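Working notes, beginning with the structure itself.
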Amino acid sequence: MTLKIGIIGAGNIGTAMATLVAQSGAMVNVAARGDRLAAIQSRGTSLIDRGSRFTARPIAAPTITDAMDAVFVCVKSQSLASAILANAAAISQDTLVIPMVNGMPFWFNAKGSDIGSVPFLDPKGDLAKLLKPRQILGAVLLMTVRMDDESCAISSNTPTLSIGPIVGSADTNRIDALLQVLEAGGIRTDLCGDIRQKVLVKLLANIATNPLTALTGAMLNEVGTNPALREVALKLADEFRSWANGAGYDLPSNDWLTDLFIDAGDFPTSMLQDARAGRALELDTICKAPLEMARRAGGDMPFLSHLITEIETATSLPAAADQVPTALARLFTLSEFSEG
Ligand SMILES: NC(=O)C1=CN([C@@H]2O[C@H](COP(=O)(O)OP(=O)(O)OC[C@H]3O[C@@H](n4cnc5c(N)ncnc54)[C@H](OP(=O)(O)O)[C@@H]3O)[C@@H](O)[C@H]2O)C=CC1
Ligand SMILES: CC(C)(CO)C(=O)C(=O)O
């Protein structure tokens with residue numbers, strides 16, 4: 001049976017996912033808007049993956065109006081609820097919904113049929129009303145991808161996706177069928193029994209790099225090689241790891257992180273891409289939700305807290321090159337002050 005796969009949002013990740021999933025022969029429907037919608041309708045989508053070009057001709061429209069077997073939601077976290085609501089017709093009770101957003105997921109505290117709540121996320125309860133925990137799959141995508149033009153994404157690493165049910169009552173037959181589609185599309189996918197652990201490992205990398213690069217304009221490899229940036233990144237990682245350990249998760253070491261940054265090369269994180277384009281930053285999911293969760297557990301993340309303040313009070317993002325050393329120095333002074 002040909003699966004119907006929806007992709008909501010045709011930015012970096014959505015364009016790459018639509019192109020790859022279509023290679024499997026699945027019927028792909030993309031919800032896109034503006035110039036991007038027009039470009040996909042006229043040229044289809046493409047992905048240049050380390051020199052090889054893949055193309056696809058998905059159905060593209062402002063919203064998906066038929067119920068899909070699975071829907072990947074590839075928007076920034078602040079657009080997650082509005083994008084899902086706009087595409088509610090694509091989501092039946094059985095549709096698998098896979099939010100591809102970075103950061104702390106809104107479903108992190110789901111148990112049984114209760115989706116739970118996470119500070120700052122889904123404040124109006126829209127997602128809780130529309131989605132049942134059994135139909136949500138958590139996802140962690142390791143892929144460094146950016147747009148070449150309105151309909152073509154460029155990626156510099158093998159896309160590796162981890163997906164997993166967030167509660168015990170998920171539909172395993174549907175998940176197996178989806179896995180086959182993803183593998184056939186060339187997306188190396190693993191099905192995780194504990195997707196929360198994977199989410200937190202990715203969040204470790206995001207907390208350590210995304211806000212810092214949005215402030216300083218640094219590329220991922222610079223975070224690994226520049227001593228001052230590396231020190232801040234690893235302090236951010238230490239703070240987050242300490243909360244995660246207390247919550248029962250074992251996150252990888254700083255050596256692993258440093259290698260990851262260096263191996264990623266000359267790549268602007270998704271938050272730096274947003275800062276450069278003057279778009280809203282994913283501060284709620286990547287920074288504020290984890291910070292508040294740490295505080296509610298009786299801890300704190302002073303570096304992260306001061307970094308959020310630096311970002312929210314910066315006159316421009318990324319900050320001008322001559323402002324960066326001052327901002328970093330202030331971060332250390334404030335953090336040492338608040339720790340001591
Ligand atoms: N880029 C990367 O390498 C990585 C990104 N991620 C994460 O993946 C998620 C997606 O990121 P990315 O693809 O980079 O983001 P982009 O900003 O490139 O793409 C998001 C797209 O969604 C569109 N969109 C938003 N709302 C709607 C809607 N209601 N209907 C249709 N389209 C909509 C946006 O349109 P418009 O421009 O009109 O707002 C935009 O084209 C983020 O959480 C990011 O942090 C994860 C791993 C790596
Ligand atoms: C590439 C990576 C892992 C950086 O932390 C990412 O997820 C992003 O850019 O948001």
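Residues in the structure tokens are named by chain (A, B, ... in the order shown) and by number from 1 within that chain; ligands are numbered from 1 in the order shown.
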* Selection: 8 Å around Ala70 (chain A), only C-alpha atoms, excl. self and same-chain fewer than 6 positions, as a VMD selection string -> chain A and resid 4 to 6 95 to 98 178
Selection from above, N, CA and C atoms, as a tab-separated table (two decimals), in the first residue's frame, can you write it?
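Written output follows (result-v1.tsv):
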```tsv
chain	number	residue	atom	x	y	z
A	4	LYS	N	0.54	7.68	2.54
A	4	LYS	CA	0.39	9.12	2.29
A	4	LYS	C	1.13	9.86	3.41
A	5	ILE	N	2.15	10.59	3.01
A	5	ILE	CA	2.98	11.26	4.02
A	5	ILE	C	2.83	12.78	3.85
A	6	GLY	N	2.50	13.45	4.93
A	6	GLY	CA	2.41	14.90	4.90
A	6	GLY	C	3.68	15.53	5.46
A	95	THR	N	-3.54	9.03	12.39
A	95	THR	CA	-2.35	9.60	11.73
A	95	THR	C	-1.21	9.70	12.73
A	96	LEU	N	-0.03	9.24	12.33
A	96	LEU	CA	1.15	9.44	13.18
A	96	LEU	C	1.62	10.88	12.97
A	97	VAL	N	1.91	11.56	14.05
A	97	VAL	CA	2.35	12.96	13.96
A	97	VAL	C	3.76	13.04	14.53
A	98	ILE	N	4.67	13.53	13.70
A	98	ILE	CA	6.08	13.54	14.11
A	98	ILE	C	6.60	14.98	14.10
A	178	LEU	N	5.96	3.05	8.42
A	178	LEU	CA	6.64	4.34	8.25
A	178	LEU	C	8.16	4.15	8.19
```
* Asked: Counting only C-alpha atoms, what is within 12 Å of Thr313 (chain A), bar same-chain residues fewer than 6 positions away, as a ChimeraX atom specification?
  -> /A:215,306-307,319,327
I need the residues from that last selection saved to file as a compact mmCIF listing (two decimals), in the first residue's frame (with C-alpha atoms), if you can.
```
# COMPACT_ATOMS: atom_id res chain seq x y z
CA LEU A 215 24.76 35.85 19.96
CA HIS A 306 22.49 35.13 31.54
CA LEU A 307 22.93 34.10 27.93
CA ALA A 319 26.17 40.95 17.91
CA ALA A 327 29.26 40.06 25.94
```
* Compile the contact shell of region 52-64 of chain A as an MDAnalysis selection string: residues with an atom at most 6 Å away, counting only C-alpha atoms, same-chain residues fewer than 4 positions apart removed. => chainID A and resid 19 28:33 44:48 87 90
Prev. selection, C-alpha atoms, output as a compact mmCIF listing (two decimals), in the first residue's frame:
```
# COMPACT_ATOMS: atom_id res chain seq x y z
CA THR A 19 12.62 15.07 -1.25
CA VAL A 28 4.09 13.14 -0.43
CA ASN A 29 1.91 16.19 0.31
CA VAL A 30 3.67 19.39 1.34
CA ALA A 31 2.07 22.36 3.12
CA ALA A 32 4.12 25.42 2.18
CA ARG A 33 3.55 29.13 1.74
CA GLY A 44 9.30 20.40 -7.22
CA THR A 45 11.77 20.02 -4.34
CA SER A 46 15.47 19.11 -4.44
CA LEU A 47 18.17 18.11 -2.04
CA ILE A 48 21.88 18.31 -2.76
CA ASN A 87 -3.47 21.34 8.83
CA ALA A 90 -4.41 16.01 7.51
```
* Extract, using only C-alpha atoms, all DNA, RNA and protein residues at most 9 Å from region 226-233 of chain A, discarding same-chain residues fewer than 6 positions from it, and format them as a ChimeraX atom specification. => /A:205,207-209,212-213,216,218,258,303,325,328,331-332
Would you mind exporting the chosen residues as a PDB file, in the first residue's frame, restricted to N, CA and C atoms?
```
ATOM      1  N   ALA A 205      23.414  19.329  22.714  1.00  0.00           N
ATOM      2  CA  ALA A 205      24.162  20.021  21.647  1.00  0.00           C
ATOM      3  C   ALA A 205      23.518  21.365  21.316  1.00  0.00           C
ATOM      4  N   ILE A 207      21.586  23.325  23.313  1.00  0.00           N
ATOM      5  CA  ILE A 207      21.763  24.303  24.406  1.00  0.00           C
ATOM      6  C   ILE A 207      23.184  24.854  24.381  1.00  0.00           C
ATOM      7  N   ALA A 208      24.137  23.958  24.109  1.00  0.00           N
ATOM      8  CA  ALA A 208      25.546  24.382  24.146  1.00  0.00           C
ATOM      9  C   ALA A 208      25.895  25.292  22.967  1.00  0.00           C
ATOM     10  N   THR A 209      25.167  25.191  21.872  1.00  0.00           N
ATOM     11  CA  THR A 209      25.607  25.940  20.673  1.00  0.00           C
ATOM     12  C   THR A 209      24.606  26.955  20.127  1.00  0.00           C
ATOM     13  N   LEU A 212      24.437  30.475  21.855  1.00  0.00           N
ATOM     14  CA  LEU A 212      25.777  31.089  21.815  1.00  0.00           C
ATOM     15  C   LEU A 212      26.132  31.545  20.394  1.00  0.00           C
ATOM     16  N   THR A 213      25.786  30.720  19.414  1.00  0.00           N
ATOM     17  CA  THR A 213      26.103  31.104  18.027  1.00  0.00           C
ATOM     18  C   THR A 213      25.182  32.226  17.551  1.00  0.00           C
ATOM     19  N   THR A 216      26.916  35.279  19.024  1.00  0.00           N
ATOM     20  CA  THR A 216      28.279  35.618  18.576  1.00  0.00           C
ATOM     21  C   THR A 216      28.476  35.510  17.068  1.00  0.00           C
ATOM     22  N   ALA A 218      29.169  32.768  15.605  1.00  0.00           N
ATOM     23  CA  ALA A 218      30.176  31.721  15.349  1.00  0.00           C
ATOM     24  C   ALA A 218      29.570  30.517  14.626  1.00  0.00           C
ATOM     25  N   THR A 258      32.588  18.280  21.891  1.00  0.00           N
ATOM     26  CA  THR A 258      33.587  19.066  21.163  1.00  0.00           C
ATOM     27  C   THR A 258      33.868  18.446  19.795  1.00  0.00           C
ATOM     28  N   PHE A 303      24.466  30.180  33.667  1.00  0.00           N
ATOM     29  CA  PHE A 303      25.050  30.581  32.375  1.00  0.00           C
ATOM     30  C   PHE A 303      23.965  30.757  31.322  1.00  0.00           C
ATOM     31  N   PRO A 325      33.455  39.995  22.512  1.00  0.00           N
ATOM     32  CA  PRO A 325      34.272  39.743  23.708  1.00  0.00           C
ATOM     33  C   PRO A 325      33.648  40.340  24.966  1.00  0.00           C
ATOM     34  N   LEU A 328      30.772  38.140  26.101  1.00  0.00           N
ATOM     35  CA  LEU A 328      31.249  36.889  26.716  1.00  0.00           C
ATOM     36  C   LEU A 328      31.818  37.166  28.104  1.00  0.00           C
ATOM     37  N   LEU A 331      29.131  37.630  30.561  1.00  0.00           N
ATOM     38  CA  LEU A 331      28.499  36.345  30.866  1.00  0.00           C
ATOM     39  C   LEU A 331      29.250  35.626  31.993  1.00  0.00           C
ATOM     40  N   PHE A 332      30.583  35.620  31.877  1.00  0.00           N
ATOM     41  CA  PHE A 332      31.389  34.955  32.899  1.00  0.00           C
ATOM     42  C   PHE A 332      31.251  35.682  34.231  1.00  0.00           C
TER      43      PHE A 332
END
```
* Let me have all residues with an atom within 9 Å of ligand 2, counting only C-alpha atoms and all ligand atoms, laid out as a PyMOL selection string. => chain A and resi 101-103+140-145+202-210+220+260-261+264+267-273
Please, could you write that set of residues out with C-alpha atoms as an mmCIF file, in the first residue's frame?
```cif
data_model
loop_
_atom_site.group_PDB
_atom_site.id
_atom_site.type_symbol
_atom_site.label_atom_id
_atom_site.label_comp_id
_atom_site.auth_asym_id
_atom_site.auth_seq_id
_atom_site.Cartn_x
_atom_site.Cartn_y
_atom_site.Cartn_z
ATOM 1 C CA VAL A 101 11.404 20.585 16.055
ATOM 2 C CA ASN A 102 14.517 21.042 18.145
ATOM 3 C CA GLY A 103 14.416 21.570 21.872
ATOM 4 C CA VAL A 140 15.564 13.533 16.679
ATOM 5 C CA LEU A 141 17.101 14.422 13.353
ATOM 6 C CA LEU A 142 20.840 14.729 12.969
ATOM 7 C CA MET A 143 21.238 16.667 9.775
ATOM 8 C CA THR A 144 22.964 19.930 8.980
ATOM 9 C CA VAL A 145 20.898 21.435 6.197
ATOM 10 C CA LYS A 202 20.357 16.439 20.942
ATOM 11 C CA LEU A 203 19.194 19.178 23.305
ATOM 12 C CA LEU A 204 22.598 19.037 24.993
ATOM 13 C CA ALA A 205 24.162 20.021 21.647
ATOM 14 C CA ASN A 206 21.509 22.657 20.975
ATOM 15 C CA ILE A 207 21.763 24.303 24.406
ATOM 16 C CA ALA A 208 25.546 24.382 24.146
ATOM 17 C CA THR A 209 25.607 25.940 20.673
ATOM 18 C CA ASN A 210 22.399 27.480 19.349
ATOM 19 C CA LEU A 220 29.714 25.213 14.864
ATOM 20 C CA LEU A 260 30.615 16.905 17.255
ATOM 21 C CA PHE A 261 31.090 20.676 16.874
ATOM 22 C CA ALA A 264 30.035 19.699 11.807
ATOM 23 C CA PHE A 267 27.913 25.338 9.653
ATOM 24 C CA PRO A 268 25.593 28.028 11.058
ATOM 25 C CA THR A 269 23.199 26.497 13.621
ATOM 26 C CA SER A 270 19.497 26.863 12.869
ATOM 27 C CA MET A 271 19.295 29.590 15.544
ATOM 28 C CA LEU A 272 22.145 31.511 13.942
ATOM 29 C CA GLN A 273 20.374 31.194 10.582
#
```
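Interatomic distance, CA of Glu150 (chain A) to CA of Leu182 (chain A): 23.8 Å.
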* Asked: Taking the backbone alone, and naming residues the way the document does, which bits of region 92-144 of chain A are strand (DSSP E or B) by DSSP, as a ChimeraX atom specification?
  -> /A:96-99,111,114,136-142
Please dump the current selection as a PDB file, in the first residue's frame; keep C-alpha atoms.
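Output contents, as saved in selection_19.pdb:
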```pdb
ATOM      1  CA  LEU A  96       1.148   9.441  13.178  1.00  0.00           C
ATOM      2  CA  VAL A  97       2.352  12.959  13.959  1.00  0.00           C
ATOM      3  CA  ILE A  98       6.080  13.540  14.111  1.00  0.00           C
ATOM      4  CA  PRO A  99       7.123  17.006  15.289  1.00  0.00           C
ATOM      5  CA  LYS A 111       1.990   9.463  30.411  1.00  0.00           C
ATOM      6  CA  ASP A 114      -2.388  12.395  29.372  1.00  0.00           C
ATOM      7  CA  ILE A 136       2.778  11.239  18.484  1.00  0.00           C
ATOM      8  CA  LEU A 137       6.248   9.993  17.654  1.00  0.00           C
ATOM      9  CA  GLY A 138       9.178  11.804  19.179  1.00  0.00           C
ATOM     10  CA  ALA A 139      11.940  12.496  16.662  1.00  0.00           C
ATOM     11  CA  VAL A 140      15.564  13.533  16.679  1.00  0.00           C
ATOM     12  CA  LEU A 141      17.101  14.422  13.353  1.00  0.00           C
ATOM     13  CA  LEU A 142      20.840  14.729  12.969  1.00  0.00           C
TER      14      LEU A 142
END
```
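Residues in contact range of Ser316 (chain A), defined as at most 12 Å between only C-alpha atoms, with sequence neighbours fewer than 3 positions away removed, read Ala214, Leu215, Thr216, Gly217, Ala275, Arg276, Ala277, Gly278, Arg279, Glu310, Ile311, Glu312, Thr313, Ala319, Ala320, Ala321, Gln323 and Val324 of chain A.
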Would you save the residues of that selection, restricted to C-alpha atoms, as a PDB file, in the first residue's frame?
```pdb
ATOM      1  CA  ALA A 214      23.037  33.343  17.651  1.00  0.00           C
ATOM      2  CA  LEU A 215      24.761  35.852  19.963  1.00  0.00           C
ATOM      3  CA  THR A 216      28.279  35.618  18.576  1.00  0.00           C
ATOM      4  CA  GLY A 217      27.760  34.646  14.921  1.00  0.00           C
ATOM      5  CA  ALA A 275      19.295  35.492  13.950  1.00  0.00           C
ATOM      6  CA  ARG A 276      20.905  36.476  10.649  1.00  0.00           C
ATOM      7  CA  ALA A 277      17.515  36.563   8.931  1.00  0.00           C
ATOM      8  CA  GLY A 278      15.943  38.640  11.733  1.00  0.00           C
ATOM      9  CA  ARG A 279      13.470  35.824  12.490  1.00  0.00           C
ATOM     10  CA  GLU A 310      22.339  38.849  26.611  1.00  0.00           C
ATOM     11  CA  ILE A 311      20.330  37.675  23.605  1.00  0.00           C
ATOM     12  CA  GLU A 312      17.131  39.430  24.617  1.00  0.00           C
ATOM     13  CA  THR A 313      18.910  42.736  25.304  1.00  0.00           C
ATOM     14  CA  ALA A 319      26.170  40.948  17.911  1.00  0.00           C
ATOM     15  CA  ALA A 320      28.743  43.088  16.092  1.00  0.00           C
ATOM     16  CA  ALA A 321      32.196  41.423  16.157  1.00  0.00           C
ATOM     17  CA  GLN A 323      30.789  43.527  20.993  1.00  0.00           C
ATOM     18  CA  VAL A 324      31.290  39.766  21.280  1.00  0.00           C
TER      19      VAL A 324
END
```
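Closest to Gly224 (chain A) among A:Ala86, A:Ile262, A:Ala128, A:Val201 is A:Ile262, based on only C-alpha atoms.
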* To do: Apply DSSP to the backbone of this structure and, from region 179-316 of chain A, keep only the residues in alpha helix (DSSP H); write these as a ChimeraX atom specification.
  => /A:179-184,195-216,220-225,227-246,254-264,270-277,283,289-296,302-313
* To do: Considering only C-alpha atoms, state which residue in the set A:Leu200, A:Cys152, A:Val223, A:Leu283 is at the smallest distance from Leu251 (chain A).
  => A:Leu200
* To do: Using only C-alpha atoms, determine which residues lie at most 8 Å from Ile84 (chain A), disregarding the query and same-chain residues fewer than 6 positions distant; provide the list as a PyMOL selection string.
  => chain A and resi 8+73+127
* To do: Would you list the contacts of Asn254 (chain A) as a ChimeraX atom specification, taking every protein, DNA or RNA residue within 9 Å and counting only C-alpha atoms, but skipping same-chain residues closer than 6 positions in sequence?
  => /A:234,237-238
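Of the residues under consideration (A:Ser117, A:Ser82, A:Gln93, A:Ser156), A:Ser156 shows the shortest atom-to-atom contact distance to Gly51 (chain A) when counting only C-alpha atoms.
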